[in-house]
$ cat work-v6.txt   # compact mmCIF, C-alpha atoms
# COMPACT_ATOMS: atom_id res chain seq x y z
CA MET A 1 -55.73 -48.54 105.24
CA GLN A 2 -57.46 -45.97 103.01
CA LEU A 3 -57.47 -42.51 104.53
CA GLY A 4 -59.92 -39.97 103.17
CA ILE A 5 -58.57 -36.49 103.94
CA LEU A 6 -61.08 -33.67 103.58
CA GLY A 7 -59.21 -30.70 102.15
CA THR A 8 -56.44 -30.13 99.63
CA GLY A 9 -54.44 -27.39 101.31
CA PRO A 10 -51.01 -27.50 102.98
CA VAL A 11 -52.26 -29.33 106.09
CA ALA A 12 -54.01 -31.99 104.04
CA GLN A 13 -50.96 -32.46 101.83
CA LEU A 14 -48.55 -32.73 104.77
CA LEU A 15 -50.71 -35.41 106.37
CA ALA A 16 -51.13 -37.18 103.05
CA GLY A 17 -47.38 -37.27 102.52
CA VAL A 18 -46.42 -38.81 105.84
CA TRP A 19 -49.25 -41.32 105.92
CA GLN A 20 -48.65 -42.37 102.33
CA GLN A 21 -44.99 -42.87 103.21
CA ALA A 22 -46.16 -45.09 106.08
CA GLY A 23 -47.98 -47.30 103.59
CA HIS A 24 -51.54 -45.99 103.66
CA THR A 25 -53.66 -45.23 100.59
CA ILE A 26 -54.59 -41.55 100.39
CA VAL A 27 -57.56 -39.82 98.79
CA LEU A 28 -58.10 -36.08 99.16
CA GLY A 29 -61.62 -34.64 99.19
CA SER A 30 -62.52 -31.40 97.43
CA ARG A 31 -65.68 -29.47 96.53
CA ASP A 32 -64.21 -29.16 93.02
CA PRO A 33 -61.99 -32.21 92.45
CA GLN A 34 -61.59 -31.60 88.71
CA ALA A 35 -59.83 -28.30 89.42
CA LYS A 36 -57.16 -29.87 91.63
CA HIS A 37 -53.91 -31.15 90.11
CA LEU A 38 -52.02 -32.76 92.96
CA ASP A 39 -49.82 -35.79 93.51
CA TYR A 40 -52.76 -37.60 95.14
CA VAL A 41 -56.11 -38.89 94.01
CA VAL A 42 -58.68 -36.12 94.48
CA GLN A 43 -62.39 -36.97 94.65
CA SER A 44 -65.59 -35.27 95.71
CA LEU A 45 -66.11 -34.85 99.44
CA HIS A 46 -68.86 -37.48 99.47
CA ASP A 47 -66.84 -40.05 97.52
CA THR A 48 -63.80 -39.43 99.70
CA VAL A 49 -65.80 -40.15 102.84
CA THR A 50 -67.61 -43.15 101.38
CA GLY A 51 -64.43 -44.90 100.24
CA ALA A 52 -62.37 -44.24 103.35
CA ASP A 53 -61.62 -46.51 106.27
CA VAL A 54 -60.81 -43.42 108.33
CA VAL A 55 -61.81 -39.83 107.53
CA VAL A 56 -59.58 -36.86 108.40
CA ASN A 57 -60.89 -33.32 108.69
CA ALA A 58 -58.09 -31.09 107.37
CA LEU A 59 -60.42 -28.32 106.22
CA ALA A 60 -60.09 -24.76 107.46
CA GLY A 61 -61.50 -24.76 110.97
CA SER A 62 -63.88 -21.89 110.30
CA ALA A 63 -65.47 -23.79 107.39
CA SER A 64 -65.25 -27.32 108.78
CA LEU A 65 -68.66 -27.71 110.35
CA ALA A 66 -70.58 -26.22 107.40
CA THR A 67 -68.64 -28.34 104.92
CA ILE A 68 -68.96 -31.58 106.87
CA THR A 69 -72.70 -31.10 107.42
CA SER A 70 -73.11 -30.58 103.67
CA ILE A 71 -72.12 -34.24 103.21
CA ASP A 72 -74.78 -36.91 103.70
CA PRO A 73 -74.13 -38.09 107.29
CA SER A 74 -74.84 -41.69 106.28
CA ALA A 75 -71.60 -41.59 104.25
CA PHE A 76 -69.65 -41.43 107.52
CA GLY A 77 -71.46 -44.37 109.08
CA THR A 78 -69.62 -45.51 112.19
CA LYS A 79 -66.18 -44.55 110.87
CA THR A 80 -63.44 -42.88 112.84
CA VAL A 81 -63.25 -39.17 111.99
CA ILE A 82 -59.99 -37.47 112.93
CA ASP A 83 -60.34 -33.72 113.48
CA VAL A 84 -57.09 -31.75 113.27
CA ALA A 85 -58.60 -28.30 112.65
CA ASN A 86 -58.65 -25.20 114.85
CA ALA A 87 -61.68 -22.97 114.37
CA THR A 88 -60.88 -19.26 114.59
CA THR A 89 -62.15 -16.02 113.13
CA GLN A 90 -60.06 -13.83 110.82
CA ASN A 91 -59.01 -11.97 113.98
CA PHE A 92 -57.71 -15.25 115.43
CA GLU A 93 -60.48 -15.50 118.02
CA LEU A 94 -62.00 -18.85 118.95
CA ILE A 95 -65.24 -19.59 117.12
CA TYR A 96 -66.32 -22.04 119.85
CA PRO A 97 -65.02 -20.39 123.07
CA ASN A 98 -67.31 -22.44 125.34
CA SER A 99 -67.10 -25.67 123.37
CA SER A 100 -64.97 -27.12 120.57
CA LEU A 101 -65.15 -27.82 116.87
CA ALA A 102 -64.69 -31.52 117.60
CA GLU A 103 -67.79 -31.57 119.82
CA HIS A 104 -69.86 -29.90 117.12
CA ILE A 105 -68.66 -32.39 114.52
CA GLN A 106 -69.50 -35.27 116.86
CA ALA A 107 -72.98 -33.85 117.42
CA ALA A 108 -73.48 -33.54 113.65
CA LEU A 109 -72.27 -37.13 113.09
CA PRO A 110 -73.75 -39.05 116.04
CA ASN A 111 -72.92 -42.49 114.63
CA ALA A 112 -69.30 -41.68 113.75
CA HIS A 113 -66.43 -41.65 116.24
CA VAL A 114 -64.71 -38.26 116.28
CA VAL A 115 -61.17 -38.05 117.66
CA LYS A 116 -59.39 -34.73 118.15
CA THR A 117 -55.62 -34.74 117.69
CA LEU A 118 -52.69 -33.07 115.90
CA ASN A 119 -53.81 -29.50 116.55
CA THR A 120 -51.45 -28.15 119.23
CA ALA A 121 -48.43 -27.27 117.08
CA ALA A 122 -47.51 -26.38 113.53
CA MET A 123 -48.39 -29.28 111.23
CA THR A 124 -44.80 -29.29 109.96
CA VAL A 125 -43.78 -30.25 113.51
CA LEU A 126 -46.69 -32.61 114.20
CA THR A 127 -46.02 -34.63 111.04
CA GLN A 128 -42.27 -34.79 111.72
CA PRO A 129 -42.09 -35.04 115.52
CA THR A 130 -38.45 -36.12 115.61
CA THR A 131 -37.32 -32.78 114.16
CA ILE A 132 -37.55 -31.30 117.66
CA GLY A 133 -37.03 -32.77 121.12
CA ALA A 134 -39.53 -35.11 122.75
CA SER A 135 -42.95 -33.51 123.04
CA SER A 136 -46.62 -34.42 123.50
CA VAL A 137 -49.62 -35.07 121.26
CA PHE A 138 -53.16 -35.47 122.55
CA LEU A 139 -56.26 -37.57 121.88
CA SER A 140 -59.85 -36.67 122.75
CA GLY A 141 -62.83 -38.85 121.87
CA ASP A 142 -65.65 -40.92 123.28
CA ASP A 143 -64.77 -44.23 121.62
CA ALA A 144 -61.78 -46.17 122.94
CA ALA A 145 -61.38 -48.28 119.79
CA ALA A 146 -61.34 -45.18 117.60
CA LYS A 147 -58.70 -43.56 119.78
CA ALA A 148 -56.60 -46.72 119.61
CA GLN A 149 -56.89 -46.63 115.82
CA VAL A 150 -55.78 -42.99 115.76
CA ALA A 151 -52.91 -43.72 118.15
CA GLY A 152 -51.69 -46.29 115.62
CA LEU A 153 -51.74 -43.66 112.89
CA LEU A 154 -49.77 -41.32 115.16
CA ARG A 155 -47.18 -44.03 115.76
CA ASP A 156 -46.93 -44.44 111.98
CA ILE A 157 -45.59 -40.87 111.71
CA GLY A 158 -43.12 -41.11 114.57
CA TRP A 159 -44.99 -40.47 117.82
CA THR A 160 -44.18 -42.83 120.68
CA ASP A 161 -46.61 -44.28 123.21
CA ASP A 162 -45.05 -42.11 125.94
CA GLU A 163 -45.72 -38.99 123.87
CA ILE A 164 -49.37 -39.81 123.07
CA ILE A 165 -51.69 -38.64 125.87
CA ASP A 166 -55.34 -39.66 126.00
CA LEU A 167 -57.24 -36.78 127.60
CA GLY A 168 -60.60 -38.56 127.75
CA GLY A 169 -63.96 -37.92 126.11
CA ILE A 170 -64.73 -35.56 123.26
CA THR A 171 -65.46 -32.67 125.63
CA THR A 172 -61.76 -32.64 126.53
CA ALA A 173 -61.06 -31.38 123.00
CA ARG A 174 -61.77 -27.92 124.40
CA GLY A 175 -58.35 -27.87 126.07
CA PRO A 176 -56.25 -28.55 122.95
CA GLU A 177 -58.42 -26.27 120.83
CA HIS A 178 -58.28 -23.39 123.30
CA TYR A 179 -54.51 -23.87 123.59
CA LEU A 180 -54.29 -22.31 120.13
CA VAL A 181 -54.37 -18.90 121.83
CA MET A 182 -51.27 -19.80 123.85
CA PHE A 183 -49.61 -21.31 120.78
CA ALA A 184 -50.00 -18.03 118.90
CA GLN A 185 -48.50 -16.09 121.81
CA LEU A 186 -45.56 -18.48 122.07
CA ALA A 187 -44.94 -18.35 118.32
CA GLY A 188 -44.83 -14.56 118.56
CA ALA A 189 -42.48 -14.60 121.52
CA LEU A 190 -40.19 -17.23 120.00
CA LYS A 191 -40.49 -15.77 116.50
CA SER A 192 -40.86 -19.30 115.17
CA PRO A 193 -43.54 -22.01 114.88
CA ASN A 194 -40.97 -24.78 115.31
CA PHE A 195 -41.82 -25.88 118.84
CA ASN A 196 -44.30 -27.99 120.77
CA ILE A 197 -45.29 -28.54 124.39
CA ARG A 198 -44.28 -31.52 126.49
CA VAL A 199 -46.03 -32.98 129.50
CA VAL A 200 -43.36 -33.75 132.12
CA ARG A 201 -44.33 -36.20 134.87
$ encode --input "work-v6.txt" --output "structure tokens"
Amino acid sequence: MQLGILGTGPVAQLLAGVWQQAGHTIVLGSRDPQAKHLDYVVQSLHDTVTGADVVVNALAGSASLATITSIDPSAFGTKTVIDVANATTQNFELIYPNSSLAEHIQAALPNAHVVKTLNTAAMTVLTQPTTIGASSVFLSGDDAAAKAQVAGLLRDIGWTDDEIIDLGGITTARGPEHYLVMFAQLAGALKSPNFNIRVVR
């Protein structure tokens, strides 16, 4: 599968590394692809989206919506769009306190299938889940087939079916996104980002 990852920063590169290792073809999307010298193919944002089977938003959360809406929406078509970003201000306040970034992206791309996931822990933990004890990862999205596709990509990087929890429609992305406030408090208390939450039943 060809994954088009929007962004070239640490989050994008961590995701690129584990999914490439799992056998997927990776292309990173940048506003200025000629200026990037990475170990992956880097293309324009539009070309990255157009050529991808699945698109991943790994842009800074505060810039995600503006950047995504700068791309011709027809490039996304009916593709699955994975949103892993958390949108906060410089003061670490939620940009969408009564909604979620994922909902805004879905509204901007009505034909695409947005799935929120991989945003409730440090990406170093989320891309290497076996480095800590069993924990949970969440899915939010309106399209069941898209969520199944994303669950497969999560399994590719080490998440088990018992650890993957489907929260429901895209409006449920508010919970994982708002959890960022708690994550920051826990990281401060633990003096480490190397943890995650686990749903115990």
$ residues_around --input "work-v6.txt" --residues "A:Leu94" --least-positions-apart "3" --cutoff "10 Å" --atoms "only C-alpha atoms" --output "VMD selection string"
chain A and resid 61 to 62 86 to 91 97 to 101 177 to 178 180 to 181
$ write_last_selection --input "work-v6.txt" --atoms "C-alpha atoms" --output "PDB file, in the coordinates of the input"
ATOM      1  CA  GLY A  61     -61.500 -24.760 110.970  1.00  0.00           C
ATOM      2  CA  SER A  62     -63.880 -21.890 110.300  1.00  0.00           C
ATOM      3  CA  ASN A  86     -58.650 -25.200 114.850  1.00  0.00           C
ATOM      4  CA  ALA A  87     -61.680 -22.970 114.370  1.00  0.00           C
ATOM      5  CA  THR A  88     -60.880 -19.260 114.590  1.00  0.00           C
ATOM      6  CA  THR A  89     -62.150 -16.020 113.130  1.00  0.00           C
ATOM      7  CA  GLN A  90     -60.060 -13.830 110.820  1.00  0.00           C
ATOM      8  CA  ASN A  91     -59.010 -11.970 113.980  1.00  0.00           C
ATOM      9  CA  PRO A  97     -65.020 -20.390 123.070  1.00  0.00           C
ATOM     10  CA  ASN A  98     -67.310 -22.440 125.340  1.00  0.00           C
ATOM     11  CA  SER A  99     -67.100 -25.670 123.370  1.00  0.00           C
ATOM     12  CA  SER A 100     -64.970 -27.120 120.570  1.00  0.00           C
ATOM     13  CA  LEU A 101     -65.150 -27.820 116.870  1.00  0.00           C
ATOM     14  CA  GLU A 177     -58.420 -26.270 120.830  1.00  0.00           C
ATOM     15  CA  HIS A 178     -58.280 -23.390 123.300  1.00  0.00           C
ATOM     16  CA  LEU A 180     -54.290 -22.310 120.130  1.00  0.00           C
ATOM     17  CA  VAL A 181     -54.370 -18.900 121.830  1.00  0.00           C
TER      18      VAL A 181
END
$ atom_distance --input "work-v6.txt" --atom1 "atom CA of A:Leu15" --atom2 "atom CA of A:Gly152"
14.3 Å
$ residues_around --input "work-v6.txt" --residues "A:Ala107" --least-positions-apart "5" --cutoff "12 Å" --atoms "all atoms listed in the file" --output "JSON, numbers by chain"
{"A": [65, 68, 69, 73, 99, 100, 101, 102, 112, 113, 114, 142, 170, 171]}
$ atom_distance --input "work-v6.txt" --atom1 "atom CA of A:Ile197" --atom2 "atom CA of A:Tyr96"
22.5 Å
$ closest_residue --input "work-v6.txt" --among "A:Ala63, A:Met123, A:Val115, A:Ala12" --to "A:Ile95" --atoms "only C-alpha atoms"
A:Ala63
$ residues_around --input "work-v6.txt" --residues "A:His24" --least-positions-apart "3" --cutoff "10 Å" --atoms "all atoms listed in the file" --output "MDAnalysis selection string"
chainID A and resid 1:3 16:21 27 153 156
$ atom_distance --input "work-v6.txt" --atom1 "atom CA of A:Asp166" --atom2 "atom CA of A:Val150"
10.8 Å
$ build_atoms --input "work-v6.txt" --residues "stretch 17-49 of chain A" --atoms "N, CA and C atoms" --output "mmCIF file, in the frame of the given file"
data_model
loop_
_atom_site.group_PDB
_atom_site.id
_atom_site.type_symbol
_atom_site.label_atom_id
_atom_site.label_comp_id
_atom_site.auth_asym_id
_atom_site.auth_seq_id
_atom_site.Cartn_x
_atom_site.Cartn_y
_atom_site.Cartn_z
ATOM 1 N N GLY A 17 -48.749 -36.851 102.806
ATOM 2 C CA GLY A 17 -47.380 -37.270 102.520
ATOM 3 C C GLY A 17 -46.833 -38.247 103.542
ATOM 4 N N VAL A 18 -47.011 -37.933 104.824
ATOM 5 C CA VAL A 18 -46.420 -38.810 105.840
ATOM 6 C C VAL A 18 -47.182 -40.115 105.971
ATOM 7 N N TRP A 19 -48.487 -40.073 105.810
ATOM 8 C CA TRP A 19 -49.250 -41.320 105.920
ATOM 9 C C TRP A 19 -49.102 -42.186 104.675
ATOM 10 N N GLN A 20 -48.921 -41.574 103.529
ATOM 11 C CA GLN A 20 -48.650 -42.370 102.330
ATOM 12 C C GLN A 20 -47.288 -43.046 102.468
ATOM 13 N N GLN A 21 -46.325 -42.306 103.000
ATOM 14 C CA GLN A 21 -44.990 -42.870 103.210
ATOM 15 C C GLN A 21 -45.045 -44.043 104.189
ATOM 16 N N ALA A 22 -46.003 -44.009 105.108
ATOM 17 C CA ALA A 22 -46.160 -45.090 106.080
ATOM 18 C C ALA A 22 -46.913 -46.284 105.513
ATOM 19 N N GLY A 23 -47.357 -46.170 104.260
ATOM 20 C CA GLY A 23 -47.980 -47.300 103.590
ATOM 21 C C GLY A 23 -49.480 -47.236 103.424
ATOM 22 N N HIS A 24 -50.096 -46.123 103.792
ATOM 23 C CA HIS A 24 -51.540 -45.990 103.660
ATOM 24 C C HIS A 24 -51.922 -45.439 102.285
ATOM 25 N N THR A 25 -53.115 -45.765 101.840
ATOM 26 C CA THR A 25 -53.660 -45.230 100.590
ATOM 27 C C THR A 25 -54.377 -43.923 100.899
ATOM 28 N N ILE A 26 -54.082 -42.893 100.108
ATOM 29 C CA ILE A 26 -54.590 -41.550 100.390
ATOM 30 C C ILE A 26 -55.522 -41.079 99.287
ATOM 31 N N VAL A 27 -56.664 -40.526 99.700
ATOM 32 C CA VAL A 27 -57.560 -39.820 98.790
ATOM 33 C C VAL A 27 -57.888 -38.480 99.434
ATOM 34 N N LEU A 28 -57.758 -37.410 98.667
ATOM 35 C CA LEU A 28 -58.100 -36.080 99.160
ATOM 36 C C LEU A 28 -59.496 -35.710 98.669
ATOM 37 N N GLY A 29 -60.260 -35.035 99.529
ATOM 38 C CA GLY A 29 -61.620 -34.640 99.190
ATOM 39 C C GLY A 29 -61.720 -33.159 98.918
ATOM 40 N N SER A 30 -62.388 -32.800 97.831
ATOM 41 C CA SER A 30 -62.520 -31.400 97.430
ATOM 42 C C SER A 30 -63.935 -31.121 96.938
ATOM 43 N N ARG A 31 -64.397 -29.876 97.105
ATOM 44 C CA ARG A 31 -65.680 -29.470 96.530
ATOM 45 C C ARG A 31 -65.600 -29.470 95.001
ATOM 46 N N ASP A 32 -64.399 -29.250 94.465
ATOM 47 C CA ASP A 32 -64.210 -29.160 93.020
ATOM 48 C C ASP A 32 -63.007 -30.014 92.622
ATOM 49 N N PRO A 33 -63.149 -31.329 92.674
ATOM 50 C CA PRO A 33 -61.990 -32.210 92.450
ATOM 51 C C PRO A 33 -61.366 -32.075 91.070
ATOM 52 N N GLN A 34 -62.143 -31.713 90.061
ATOM 53 C CA GLN A 34 -61.590 -31.600 88.710
ATOM 54 C C GLN A 34 -60.606 -30.439 88.586
ATOM 55 N N ALA A 35 -60.700 -29.482 89.505
ATOM 56 C CA ALA A 35 -59.830 -28.300 89.420
ATOM 57 C C ALA A 35 -58.509 -28.508 90.152
ATOM 58 N N LYS A 36 -58.366 -29.630 90.831
ATOM 59 C CA LYS A 36 -57.160 -29.870 91.630
ATOM 60 C C LYS A 36 -56.200 -30.785 90.870
ATOM 61 N N HIS A 37 -54.949 -30.362 90.770
ATOM 62 C CA HIS A 37 -53.910 -31.150 90.110
ATOM 63 C C HIS A 37 -52.794 -31.392 91.123
ATOM 64 N N LEU A 38 -52.949 -32.448 91.878
ATOM 65 C CA LEU A 38 -52.020 -32.760 92.960
ATOM 66 C C LEU A 38 -51.403 -34.130 92.732
ATOM 67 N N ASP A 39 -50.477 -34.493 93.609
ATOM 68 C CA ASP A 39 -49.820 -35.790 93.510
ATOM 69 C C ASP A 39 -50.633 -36.904 94.170
ATOM 70 N N TYR A 40 -51.876 -36.625 94.491
ATOM 71 C CA TYR A 40 -52.760 -37.600 95.140
ATOM 72 C C TYR A 40 -54.062 -37.686 94.375
ATOM 73 N N VAL A 41 -54.769 -38.773 94.569
ATOM 74 C CA VAL A 41 -56.110 -38.890 94.010
ATOM 75 C C VAL A 41 -57.001 -37.868 94.714
ATOM 76 N N VAL A 42 -57.760 -37.103 93.926
ATOM 77 C CA VAL A 42 -58.680 -36.120 94.480
ATOM 78 C C VAL A 42 -60.094 -36.466 94.016
ATOM 79 N N GLN A 43 -61.002 -36.630 94.960
ATOM 80 C CA GLN A 43 -62.390 -36.970 94.650
ATOM 81 C C GLN A 43 -63.325 -35.958 95.296
ATOM 82 N N SER A 44 -64.601 -36.109 95.042
ATOM 83 C CA SER A 44 -65.590 -35.270 95.710
ATOM 84 C C SER A 44 -65.555 -35.563 97.212
ATOM 85 N N LEU A 45 -66.077 -34.648 97.996
ATOM 86 C CA LEU A 45 -66.110 -34.850 99.440
ATOM 87 C C LEU A 45 -66.881 -36.119 99.795
ATOM 88 N N HIS A 46 -68.029 -36.311 99.168
ATOM 89 C CA HIS A 46 -68.860 -37.480 99.470
ATOM 90 C C HIS A 46 -68.139 -38.772 99.114
ATOM 91 N N ASP A 47 -67.529 -38.825 97.935
ATOM 92 C CA ASP A 47 -66.840 -40.050 97.520
ATOM 93 C C ASP A 47 -65.624 -40.327 98.392
ATOM 94 N N THR A 48 -64.960 -39.267 98.823
ATOM 95 C CA THR A 48 -63.800 -39.430 99.700
ATOM 96 C C THR A 48 -64.214 -40.073 101.016
ATOM 97 N N VAL A 49 -65.308 -39.593 101.579
ATOM 98 C CA VAL A 49 -65.800 -40.150 102.840
ATOM 99 C C VAL A 49 -66.273 -41.585 102.649
#
